[in-house]
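Peer 1: Once you've had a glance at the structure underneath, I'll fire off some questions.
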Amino acid sequence: MTAPLEHVLALALVLFAMGAFCALARRNLIMILLGVEIMLNACSIALVGASLKWQSLDGQAFTLFLMALTAAEASVGLALFVHARKRAGTLDSGGFSSMKG
Amino acid sequence: MKTLAFLTLAPPLLGGLILIATGRSLPRRTCEVLACGAILASFAAALTAWITFPGGREVLTLAKWFSAGPVTASVDVLIDPLSLIMAVMVTFVSSIIHVHSVWYMRGEEGYVRFFCYMNLFVFSMLTIVLADNLLFLFLGWEGVGFCSFALIGHWYQDSFRGHAGQKAFILTRIGDVAFVAAMAILVTNMGTLSISTIDERVITLSANGALVLGLLFLFAATGKSAQLPLLVWLPDAMAGPTPVSALIHAATMVTAGVYLLMRLFPLLAISPDTMLAVAVVGGLTAFWGCLAAMSQRDIKRILAWSTISQVGYMLLALGAGDITGSMFHLLCHAFFKSLLFLAAGCVIQVLHEEQDVLGMGGFLRKARPEIFWLFLIGALDLASIPPTAGFFSKGRVLESVLAHPGLAYRLLFILAAAGAVITSFYTFRLMFLAFAGEPAKPFTHHAAVLPAGMARVLWPLAVLALIAGALNLPAWAQSAWTGNGWLEHALATVPGVAPPEHGSHGNTAELIDLGAGIFGFALAWLLYAPSRRPGVQALVSREDGPLGMFRGGLGLDALYRMVFAKPYQALSGVLWKGVDWGMVDGAVMGAGSAFAWASRMVRPLANGKLTVYLTMLVAGLAVLAAVLAGGMR
């Protein structure tokens, strides 16, 4: 038996909202990146569910690409954070305000 | 004939172009020989054409130019006695002036520029003289204007000379506007710009059309010929080198306007109102010029005003319907006025650039008798003392005005006769002041030594100024051995030339002419003869006081300054400070500061807090998604 699409979508929605909240509310850059990752995974769940519902492989293929993308994003993002930590001495998002208006 | 016409036109153009291209790298002597040679070649060609001309009228197409709609413009020349005589006169006088200027400009640096413009000037003038197509003629018309501008401002380092050139250019341009307008009317009404065709088709014009065209061409001529109301540029044009004044402002260019009206005479003649307008402009200018000439102290300005006045006499004769008389006076005037100007140039150089007649005195006559004699011959012409050419030509002008019916012409005759008295008066005033008695300023240096050729080359002009009256003797002076009215016969085939109307008046006009000359001399004798002249101080105060009242040209300059220049200046001030600074600059700067203000307003949003940016991003995406979702439904 398969889970109904509504359930899958509800799970994806809850995950997305939690990820977004994490990305917006936390000030630590790593936590923000974490939030973004969760949001992306919520999207993946929604795609897989939709793929199952309409019996089409497109959504699953897309999810594979999304996984590669998330991995790349995490590695680039973390490398940038290391660099930013070296420069500014902090990982607090409020510490990078040299371009404020 | 075609070859000769080409050979008349081409050498000055070629000479000018070669001087433009290579003049600076050629030795000075080569430049001078090139410039003079070009004009002499042109003179030889014109003379040959005139001698071999079988008579009648010929239109020759030298080259195609362009054709657009109804306008066909080609390089056409119109060969008839009028144009040939004019061409011979122009090239002859120009040759002498060119040779004279080789000496006159001997110490000058800008000689390449000078000779180049002189050559181009002669080319443009010949274009006016020979052209059949009015557009081709206009090319020359503008060419002489430009060369005149460049030559008046030859010593442009003195700003007033440059300004005098600009003034001449702008004032003649005002007349040119009328020329262009007249050409436009001709194209729309007659579909042609060829003078010979216009002469044939002139009867198809309505009376009003002919009047408008005639007045427009008259206005164009007043610009070029320095007549009322556009005469004010000529006295200032004396800022140029003296040979330029002789060439452009005495012999050739100022007569171009009169010549144009002669060419278009059939067009003028069908409307009596136009003819009257021509005569009135001529008569008034003749008188106006006399009055102003009487008050001048600068020798060149005296001659300039007298030129204006004499050109007025030519127009007066034309307005009385007498092309022959007008042409006669034009020819004689060209000879004696260029003689006067060139001699005046010698006087000025002998006296180390002294131009004030009160500063000359009898010293010059004793030191340089040749110049005195040359000047005297010219002066006798100007004052119309027999048997000089000027006497016969001015007599002819007076005669044709007297013979013309109508009250207006009677009044003009009185004006012209009074003008003749004043002309004689100011001429002898000039002679007495410049060549006799004590100068107002004592000399501190010797008379400068001039090259001998400088004065000697003027003798052909002087001889012609003496005997050119024989070209067209009045009826009472004709006999078996003096010939009879050669010019009359030569011009008989030119359209519009009518046989003279004299007869009823006998030789009244000539007697009045003679009387005017003698009366003017007597007046000048009373006021200026060395024995009767007051002391130096009294003389200067008299000249600057009561007799100097017309020095400003009877206030025409001041009037133009008040009516045109001052309002224009005020308007420019308003446009500059009000419109340009206030409105245009204000709008641009206002738009800039509005954007600067708006950006200051939104700047606090970019507060450097990453969380806030992310929130805004998500909110924006949410709104976008909501809109998209709404659109899908």
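Labeling convention for the structure tokens: chains A, B, ... as they appear, residues from 1 per chain, ligands from 1 in order of appearance.
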Give the residues of chain B that lie within 9 Å of chain A; count only C-alpha atoms, and format the answer as a PyMOL selection string.

Peer 2: chain B and resi 602-612+614-615+618

Peer 1: Mind checking which residues fall within 10 Å of Leu267 (chain B), counting only C-alpha atoms, ignoring those fewer than 2 positions away in the same chain, and posting them as a PyMOL selection string?

Peer 2: chain B and resi 195+198-203+205+209-211+213-214+217+261-265+269-271+274+496

Peer 1: What's the 7 Å shell around Leu40 (chain B), counting only C-alpha atoms, without same-chain residues fewer than 4 positions away, as a ChimeraX atom specification?

Peer 2: /B:36,44,95

Peer 1: In Å, rounded to a single decimal, give me how far CA of Val90 (chain B) is from CA of Gly223 (chain B).

Peer 2: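 For CA of Gly223 (chain B) relative to CA of Val90 (chain B), the distance reads 19.8 Å.
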
Peer 1: Mind the document's chain letters and residue numbers, and return as number ranges by chain the residues of chain A that DSSP labels helix (DSSP H, G or I).

Peer 2: A: 5-25, 29-54, 58-88, 93-95

Peer 1: In Å, with one decimal, what is the gap from CA of Val311 (chain B) to CA of Asp132 (chain B)?

Peer 2: 23.4 Å

Peer 1: Using only C-alpha atoms, which of A:Glu37, A:Cys43, A:Ile30, A:Leu91 sits nearest Leu13 (chain A)?

Peer 2: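 That would be A:Cys43, the residue with the smallest distance to Leu13 (chain A).
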